[in-house]
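What's in final.cif: mmCIF, C-alpha atoms
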```
data_entry
loop_
_atom_site.label_atom_id
_atom_site.label_comp_id
_atom_site.auth_asym_id
_atom_site.auth_seq_id
_atom_site.Cartn_x
_atom_site.Cartn_y
_atom_site.Cartn_z
CA MET O 1 -125.40 -16.97 -129.43
CA ARG O 2 -125.67 -13.86 -131.59
CA ALA O 3 -123.25 -10.92 -131.62
CA LEU O 4 -123.67 -7.42 -133.00
CA ILE O 5 -120.46 -5.76 -134.19
CA THR O 6 -120.14 -2.15 -135.33
CA GLY O 7 -117.25 -1.19 -137.56
CA ALA O 8 -117.14 -4.76 -138.81
CA THR O 9 -115.66 -4.14 -142.25
CA SER O 10 -111.98 -3.85 -141.25
CA GLY O 11 -109.43 -4.20 -138.47
CA ILE O 12 -110.42 -5.52 -135.07
CA GLY O 13 -114.13 -5.59 -135.89
CA LYS O 14 -113.63 -7.74 -138.98
CA ALA O 15 -111.23 -10.04 -137.12
CA MET O 16 -113.76 -10.51 -134.32
CA ALA O 17 -116.51 -11.28 -136.83
CA CYS O 18 -114.39 -13.99 -138.45
CA GLN O 19 -113.32 -15.51 -135.12
CA LEU O 20 -116.84 -15.52 -133.68
CA ALA O 21 -118.16 -17.08 -136.88
CA GLN O 22 -115.59 -19.86 -136.63
CA ALA O 23 -116.87 -20.51 -133.11
CA GLY O 24 -120.44 -20.84 -134.45
CA CYS O 25 -121.77 -17.47 -133.30
CA GLN O 26 -124.47 -15.88 -135.44
CA LEU O 27 -123.73 -12.29 -136.40
CA VAL O 28 -125.28 -8.92 -137.08
CA LEU O 29 -122.70 -6.70 -138.75
CA THR O 30 -122.71 -3.02 -139.58
CA GLY O 31 -120.27 -0.65 -141.21
CA ARG O 32 -120.08 1.89 -143.99
CA ASN O 33 -118.74 -0.42 -146.71
CA GLU O 34 -121.67 -2.41 -148.05
CA THR O 35 -119.51 -4.43 -150.43
CA ILE O 36 -117.33 -5.81 -147.63
CA LEU O 37 -120.40 -6.51 -145.49
CA GLN O 38 -121.87 -8.53 -148.37
CA GLN O 39 -118.60 -10.44 -148.75
CA LEU O 40 -118.62 -11.32 -145.06
CA GLN O 41 -122.24 -12.39 -145.26
CA LYS O 42 -121.42 -14.65 -148.19
CA ASN O 43 -118.17 -16.13 -146.90
CA LEU O 44 -118.65 -16.64 -143.16
CA PRO O 45 -119.92 -20.10 -142.13
CA VAL O 46 -122.83 -18.86 -139.97
CA GLN O 47 -125.98 -16.81 -140.34
CA VAL O 48 -124.90 -13.22 -140.92
CA GLU O 49 -127.27 -10.28 -141.19
CA ILE O 50 -125.92 -6.96 -142.38
CA LEU O 51 -127.00 -3.33 -142.15
CA PRO O 52 -124.82 -0.76 -143.93
CA LEU O 53 -124.80 2.40 -141.81
CA ASP O 54 -122.80 5.54 -141.17
CA LEU O 55 -122.94 5.85 -137.39
CA SER O 56 -122.09 9.55 -137.57
CA LYS O 57 -125.65 10.15 -138.76
CA PRO O 58 -128.04 11.08 -135.91
CA GLU O 59 -130.63 8.40 -136.70
CA ALA O 60 -128.18 5.55 -137.38
CA PRO O 61 -127.78 4.12 -133.82
CA TYR O 62 -131.55 3.97 -133.42
CA GLN O 63 -131.94 2.31 -136.83
CA LEU O 64 -129.43 -0.32 -135.77
CA PHE O 65 -131.22 -1.02 -132.49
CA ASP O 66 -134.57 -1.29 -134.29
CA PHE O 67 -133.00 -3.67 -136.83
CA CYS O 68 -132.04 -5.99 -133.96
CA LYS O 69 -135.40 -5.99 -132.16
CA ASP O 70 -136.45 -9.35 -133.61
CA LYS O 71 -132.89 -10.75 -133.43
CA PRO O 72 -132.02 -11.25 -129.75
CA ILE O 73 -128.44 -10.09 -129.18
CA ASP O 74 -126.19 -11.73 -126.58
CA LEU O 75 -123.00 -9.76 -127.23
CA LEU O 76 -122.70 -6.11 -128.29
CA ILE O 77 -119.30 -5.04 -129.61
CA ASN O 78 -119.04 -1.27 -130.01
CA ASN O 79 -115.99 -1.27 -132.25
CA ALA O 80 -116.63 1.58 -134.71
CA GLY O 81 -114.32 4.54 -134.24
CA TYR O 82 -111.54 6.58 -135.81
CA GLY O 83 -109.22 9.51 -135.22
CA ILE O 84 -108.26 12.84 -136.80
CA PHE O 85 -104.64 13.98 -136.64
CA GLY O 86 -103.50 17.60 -136.34
CA ARG O 87 -103.38 20.64 -134.11
CA PHE O 88 -106.75 21.31 -132.50
CA SER O 89 -106.85 24.85 -133.91
CA GLU O 90 -106.32 23.53 -137.44
CA THR O 91 -108.39 20.35 -137.76
CA ASP O 92 -111.73 20.54 -139.54
CA LEU O 93 -114.59 21.16 -137.10
CA GLN O 94 -117.25 19.20 -138.98
CA ALA O 95 -114.92 16.24 -139.42
CA GLU O 96 -114.34 16.26 -135.67
CA MET O 97 -118.08 16.44 -134.96
CA ASP O 98 -118.62 13.42 -137.20
CA MET O 99 -115.83 11.55 -135.42
CA LEU O 100 -117.26 12.34 -131.99
CA ALA O 101 -120.69 11.24 -133.19
CA VAL O 102 -119.23 7.80 -133.94
CA ASN O 103 -116.73 7.48 -131.07
CA ILE O 104 -119.00 8.86 -128.33
CA ARG O 105 -122.61 9.48 -129.33
CA ALA O 106 -123.31 6.24 -131.20
CA LEU O 107 -121.46 4.15 -128.61
CA HIS O 108 -123.34 5.86 -125.78
CA ILE O 109 -126.74 5.29 -127.39
CA LEU O 110 -126.10 1.66 -128.30
CA THR O 111 -124.63 0.89 -124.88
CA LYS O 112 -127.68 2.33 -123.12
CA LEU O 113 -130.30 0.74 -125.36
CA PHE O 114 -128.74 -2.72 -125.36
CA LEU O 115 -127.89 -2.58 -121.67
CA ARG O 116 -131.57 -2.05 -120.93
CA GLN O 117 -132.41 -4.98 -123.20
CA PHE O 118 -129.77 -7.20 -121.61
CA GLN O 119 -131.09 -6.39 -118.15
CA LYS O 120 -134.59 -7.37 -119.24
CA GLN O 121 -133.41 -10.69 -120.70
CA LYS O 122 -131.11 -11.22 -117.66
CA HIS O 123 -128.01 -11.92 -119.70
CA GLY O 124 -125.71 -10.21 -122.17
CA LYS O 125 -122.20 -8.86 -122.61
CA ILE O 126 -120.99 -5.49 -123.86
CA LEU O 127 -117.50 -4.91 -125.22
CA ASN O 128 -116.65 -1.25 -125.76
CA VAL O 129 -113.53 -0.80 -127.85
CA ALA O 130 -111.51 2.09 -126.44
CA SER O 131 -107.72 2.40 -126.60
CA SER O 132 -104.69 2.88 -124.41
CA ALA O 133 -105.33 6.51 -125.41
CA GLY O 134 -108.31 6.35 -123.07
CA PHE O 135 -105.95 6.77 -120.09
CA LEU O 136 -103.86 9.58 -121.58
CA THR O 137 -103.90 13.11 -122.97
CA GLY O 138 -103.11 13.21 -126.68
CA PRO O 139 -101.79 16.37 -128.30
CA LEU O 140 -102.19 16.22 -132.11
CA LEU O 141 -104.91 13.58 -131.65
CA SER O 142 -106.68 15.54 -128.93
CA SER O 143 -110.31 14.82 -129.85
CA TYR O 144 -109.64 11.13 -130.42
CA TYR O 145 -107.86 10.70 -127.07
CA ALA O 146 -110.64 12.63 -125.34
CA SER O 147 -113.29 10.44 -126.96
CA LYS O 148 -111.58 7.28 -125.75
CA ASN O 149 -111.27 8.73 -122.24
CA TYR O 150 -115.05 9.10 -122.39
CA VAL O 151 -115.50 5.46 -123.42
CA VAL O 152 -113.24 4.25 -120.59
CA ARG O 153 -114.85 6.36 -117.86
CA LEU O 154 -118.41 5.69 -118.99
CA SER O 155 -117.80 1.94 -119.11
CA LEU O 156 -116.09 1.87 -115.71
CA ALA O 157 -119.05 3.70 -114.18
CA ILE O 158 -121.55 1.31 -115.74
CA ALA O 159 -119.51 -1.66 -114.51
CA GLU O 160 -119.73 -0.41 -110.93
CA GLU O 161 -123.49 0.09 -111.23
CA LEU O 162 -123.86 -3.45 -112.54
CA ARG O 163 -121.66 -4.81 -109.75
CA ARG O 164 -123.80 -3.19 -107.10
CA GLN O 165 -126.93 -4.60 -108.71
CA ASN O 166 -125.41 -8.09 -108.78
CA SER O 167 -126.31 -8.05 -112.45
CA PRO O 168 -125.54 -11.03 -114.69
CA VAL O 169 -124.82 -8.52 -117.46
CA THR O 170 -121.14 -7.63 -117.93
CA ILE O 171 -119.31 -4.79 -119.63
CA SER O 172 -115.70 -4.92 -120.83
CA ILE O 173 -113.36 -2.27 -122.19
CA LEU O 174 -110.73 -3.10 -124.79
CA CYS O 175 -107.72 -0.76 -124.52
CA PRO O 176 -105.05 -1.83 -127.00
CA GLY O 177 -101.94 0.04 -127.99
CA PRO O 178 -101.04 0.34 -131.70
CA VAL O 179 -102.88 -2.19 -133.85
CA ASP O 180 -102.36 -2.86 -137.55
CA THR O 181 -105.74 -1.61 -138.79
CA ASN O 182 -107.08 1.11 -141.08
CA PHE O 183 -106.98 3.59 -138.17
CA ASN O 184 -103.65 5.22 -138.96
CA ARG O 185 -104.37 5.37 -142.68
CA ARG O 186 -107.66 7.15 -142.03
CA ALA O 187 -106.08 9.50 -139.49
CA GLY O 188 -103.28 10.30 -141.94
CA VAL O 189 -100.35 9.09 -139.83
CA THR O 190 -97.88 6.22 -139.68
CA PHE O 191 -97.03 3.84 -136.84
CA SER O 192 -94.28 5.01 -134.47
CA VAL O 193 -93.91 1.57 -132.81
CA PRO O 194 -94.54 -1.95 -134.14
CA PRO O 195 -98.27 -2.70 -133.97
CA MET O 196 -100.03 -5.87 -132.84
CA SER O 197 -102.13 -7.67 -135.44
CA SER O 198 -105.89 -7.19 -135.37
CA GLN O 199 -106.27 -10.97 -135.16
CA GLN O 200 -104.16 -11.16 -131.99
CA VAL O 201 -106.06 -8.33 -130.34
CA ALA O 202 -109.45 -9.71 -131.37
CA ALA O 203 -108.72 -13.19 -130.02
CA TYR O 204 -107.44 -11.85 -126.69
CA ALA O 205 -110.36 -9.43 -126.35
CA LEU O 206 -113.02 -12.05 -127.07
CA LYS O 207 -111.49 -14.52 -124.62
CA LYS O 208 -111.40 -11.95 -121.81
CA THR O 209 -114.87 -10.62 -122.62
CA MET O 210 -116.36 -14.09 -122.32
CA GLN O 211 -114.64 -14.38 -118.95
CA GLY O 212 -116.30 -11.13 -117.84
CA LYS O 213 -113.03 -9.18 -117.46
CA LEU O 214 -113.54 -5.44 -117.17
CA LEU O 215 -110.29 -3.90 -118.43
CA ILE O 216 -108.70 -5.70 -121.37
CA ILE O 217 -105.20 -4.48 -122.28
CA PRO O 218 -103.39 -6.71 -124.80
CA GLY O 219 -99.61 -6.86 -124.59
CA ILE O 220 -97.30 -6.66 -121.61
CA GLY O 221 -95.55 -3.59 -123.04
CA ILE O 222 -98.73 -1.52 -123.09
CA LYS O 223 -99.71 -2.76 -119.63
CA LEU O 224 -96.36 -1.60 -118.23
CA SER O 225 -96.51 1.71 -120.10
CA LEU O 226 -99.95 2.55 -118.75
CA PHE O 227 -98.95 1.53 -115.24
CA GLY O 228 -95.87 3.74 -115.39
CA ALA O 229 -97.89 6.67 -116.80
CA ARG O 230 -99.79 6.88 -113.51
CA PHE O 231 -96.68 8.24 -111.82
CA VAL O 232 -95.73 10.85 -114.44
CA PRO O 233 -96.97 14.46 -114.06
CA HIS O 234 -99.64 15.35 -116.62
CA ALA O 235 -97.60 18.17 -118.19
CA LEU O 236 -94.61 15.89 -118.76
CA LEU O 237 -96.79 13.07 -120.03
CA SER O 238 -98.49 15.41 -122.51
CA ALA O 239 -95.10 16.64 -123.72
CA VAL O 240 -93.87 13.09 -124.25
CA THR O 241 -97.09 12.13 -126.04
CA TYR O 242 -96.74 15.18 -128.31
CA GLU O 243 -93.26 14.06 -129.36
CA ILE O 244 -94.51 10.53 -130.06
CA GLN O 245 -97.48 11.78 -132.09
CA LYS O 246 -95.35 14.31 -133.98
CA ASN O 247 -93.17 11.50 -135.28
CA LYS O 248 -96.22 9.83 -136.83
CA LEU O 249 -96.79 12.60 -139.34
CA LYS O 250 -96.32 11.42 -142.88
#
```

Could you express the structure from this file as structure tokens?
Amino acid sequence: MRALITGATSGIGKAMACQLAQAGCQLVLTGRNETILQQLQKNLPVQVEILPLDLSKPEAPYQLFDFCKDKPIDLLINNAGYGIFGRFSETDLQAEMDMLAVNIRALHILTKLFLRQFQKQKHGKILNVASSAGFLTGPLLSSYYASKNYVVRLSLAIAEELRRQNSPVTISILCPGPVDTNFNRRAGVTFSVPPMSSQQVAAYALKKTMQGKLLIIPGIGIKLSLFGARFVPHALLSAVTYEIQKNKLK
């Protein structure tokens, strides 16, 4: 078995790489930090191929797919993604465009290209890393929340298409709450509630992905919160989310 992981140099992506390697899975890893990729390649106990890439660049997703053409992939993990904190009128436009290129465009391209490949080879699994934010509206992290809504809705639609085709290919969506990763540091905020560890989330996500589960939500607290959010008016939910996000500001 061989897995491709984007955003593999930290957080959930790195934890998944280490756990899959311990299970004997060969890996193709990509991320922006070449030094960390080289360390993983050296230290993990399986064959690891690396391709340093910035997925915000227009050509990068296609370069990654081409890199894998002679390396049959069984599991695609679209993990790369980040957020930008601030009022929508004040955040930097180009920084947001780069973020959306990673969170949406690159994920969309890789999902489509590898899905076609998986359908041809009649097997394969896709894990798209979204967030509990993918079910909510997020003032002060508006573009990030919107991007994760896209990931959730796109993946749910693909899953239904696959179901109706009786396809052996599966797609899963990881929707964690706060996780102790580099996300908050990059976004410029602090945690407002205790986070889960990336190792916990990675282990749970991989187990459920292998079982073919569609929606993967680690932690009973987040499950209950998202269930309860269904019954709250959007305006009230947005106001509550604003207060939560506001408290994250450093």

Discussion item. For the PyMOL selection byres ((chain O and resi 144) around 10), applied here, can you spell out every residue it catches as a PyMOL selection string?
Written reply: chain O and resi 81-85+96+99-100+103-104+131+133-134+137-143+145-150+187

With C-alpha atoms kept, could you save the residues just selected as a PDB file, in the frame of the given file?
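Resulting contents of result.pdb:
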```pdb
ATOM      1  CA  GLY O  81    -114.320   4.540-134.240  1.00  0.00           C
ATOM      2  CA  TYR O  82    -111.540   6.580-135.810  1.00  0.00           C
ATOM      3  CA  GLY O  83    -109.220   9.510-135.220  1.00  0.00           C
ATOM      4  CA  ILE O  84    -108.260  12.840-136.800  1.00  0.00           C
ATOM      5  CA  PHE O  85    -104.640  13.980-136.640  1.00  0.00           C
ATOM      6  CA  GLU O  96    -114.340  16.260-135.670  1.00  0.00           C
ATOM      7  CA  MET O  99    -115.830  11.550-135.420  1.00  0.00           C
ATOM      8  CA  LEU O 100    -117.260  12.340-131.990  1.00  0.00           C
ATOM      9  CA  ASN O 103    -116.730   7.480-131.070  1.00  0.00           C
ATOM     10  CA  ILE O 104    -119.000   8.860-128.330  1.00  0.00           C
ATOM     11  CA  SER O 131    -107.720   2.400-126.600  1.00  0.00           C
ATOM     12  CA  ALA O 133    -105.330   6.510-125.410  1.00  0.00           C
ATOM     13  CA  GLY O 134    -108.310   6.350-123.070  1.00  0.00           C
ATOM     14  CA  THR O 137    -103.900  13.110-122.970  1.00  0.00           C
ATOM     15  CA  GLY O 138    -103.110  13.210-126.680  1.00  0.00           C
ATOM     16  CA  PRO O 139    -101.790  16.370-128.300  1.00  0.00           C
ATOM     17  CA  LEU O 140    -102.190  16.220-132.110  1.00  0.00           C
ATOM     18  CA  LEU O 141    -104.910  13.580-131.650  1.00  0.00           C
ATOM     19  CA  SER O 142    -106.680  15.540-128.930  1.00  0.00           C
ATOM     20  CA  SER O 143    -110.310  14.820-129.850  1.00  0.00           C
ATOM     21  CA  TYR O 145    -107.860  10.700-127.070  1.00  0.00           C
ATOM     22  CA  ALA O 146    -110.640  12.630-125.340  1.00  0.00           C
ATOM     23  CA  SER O 147    -113.290  10.440-126.960  1.00  0.00           C
ATOM     24  CA  LYS O 148    -111.580   7.280-125.750  1.00  0.00           C
ATOM     25  CA  ASN O 149    -111.270   8.730-122.240  1.00  0.00           C
ATOM     26  CA  TYR O 150    -115.050   9.100-122.390  1.00  0.00           C
ATOM     27  CA  ALA O 187    -106.080   9.500-139.490  1.00  0.00           C
TER      28      ALA O 187
END
```

Worksheet item: Which residue gives the smallest distance to Ile173 in chain O among O:Glu161, O:Leu76, O:Leu224, O:Glu243, with all atoms listed in the file counted?
Response: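 Using all atoms listed in the file, the shortest distance to Ile173 in chain O belongs to O:Leu76.
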
Worksheet item: Between O:Val152, O:Ala101, O:Met1, O:Ile171, which one has atoms that come closest to Gln211 in chain O, using only C-alpha atoms?
Response: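 Closest candidate: O:Ile171.
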
Discussion item. Just to confirm, what's the straight-line distance from CA of Lys71 in chain O to CA of Glu49 in chain O in Å (one decimal)?
Written reply: 9.6 Å

Practice prompt. Would you write out, as a PyMOL selection string, every residue that the PyMOL selection byres ((chain O and resi 33) around 10) captures in this file?
Written response: chain O and resi 7-10+30-32+34-38+51-54

Can you list every residue of range 19-136 of chain O that has an atom at most 10 Å from range 215-223 of chain O, with its nearest atom pair and the distance in Å to one decimal, using only C-alpha atoms, ordered by chain then number, as a Markdown table?
```
| residue | atom | partner | partner_atom | distance |
| --- | --- | --- | --- | --- |
| O:Leu127 | CA | O:Ile216 | CA | 9.6 |
| O:Val129 | CA | O:Ile216 | CA | 9.5 |
| O:Ala130 | CA | O:Ile216 | CA | 9.7 |
| O:Ser131 | CA | O:Ile217 | CA | 8.5 |
| O:Ser132 | CA | O:Ile222 | CA | 7.5 |
```

Practice prompt. Quote the spacing between CA of Phe67 in chain O and CA of Leu113 in chain O in Å to one decimal place.
Written response: 12.6 Å

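Across the model, the gap from CA of Ala203 in chain O to CA of Leu20 in chain O is 9.2 Å.
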
Worksheet item: So, counting only C-alpha atoms, which residue among O:Leu55, O:Met97, O:Cys18, O:Leu4 is closest to Gln199 in chain O?
Response: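 That would be O:Cys18, the residue with the smallest distance to Gln199 in chain O.
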
Need to verify the contact set: Leu214 in chain O, 12 Å, only C-alpha atoms, exclusion of same-chain residues closer than 5 positions in sequence. Can you return it as a compact mmCIF listing (two decimals) with C-alpha atoms, keeping the file's coordinate frame?
```txt
# COMPACT_ATOMS: atom_id res chain seq x y z
CA LYS O 125 -122.20 -8.86 -122.61
CA ILE O 126 -120.99 -5.49 -123.86
CA LEU O 127 -117.50 -4.91 -125.22
CA ASN O 128 -116.65 -1.25 -125.76
CA VAL O 129 -113.53 -0.80 -127.85
CA VAL O 152 -113.24 4.25 -120.59
CA ARG O 153 -114.85 6.36 -117.86
CA SER O 155 -117.80 1.94 -119.11
CA LEU O 156 -116.09 1.87 -115.71
CA ALA O 157 -119.05 3.70 -114.18
CA ILE O 158 -121.55 1.31 -115.74
CA ALA O 159 -119.51 -1.66 -114.51
CA GLU O 160 -119.73 -0.41 -110.93
CA LEU O 162 -123.86 -3.45 -112.54
CA ARG O 163 -121.66 -4.81 -109.75
CA VAL O 169 -124.82 -8.52 -117.46
CA THR O 170 -121.14 -7.63 -117.93
CA ILE O 171 -119.31 -4.79 -119.63
CA SER O 172 -115.70 -4.92 -120.83
CA ILE O 173 -113.36 -2.27 -122.19
CA LEU O 174 -110.73 -3.10 -124.79
CA CYS O 175 -107.72 -0.76 -124.52
CA ALA O 205 -110.36 -9.43 -126.35
CA LEU O 206 -113.02 -12.05 -127.07
CA LYS O 207 -111.49 -14.52 -124.62
CA LYS O 208 -111.40 -11.95 -121.81
CA THR O 209 -114.87 -10.62 -122.62
```

Item to complete: Please provide the set of residues having any atom within 8 Å of Asp74 in chain O, restricted to only C-alpha atoms, with same-chain residues fewer than 4 positions apart removed, written as a ChimeraX atom specification.
Response: /O:1-3,118,123-125

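In this comparison, which uses all atoms listed in the file, the residue of O:Ile73, O:Leu107, O:Gln94, O:Lys246 approaching Lys122 in chain O most closely is O:Ile73.
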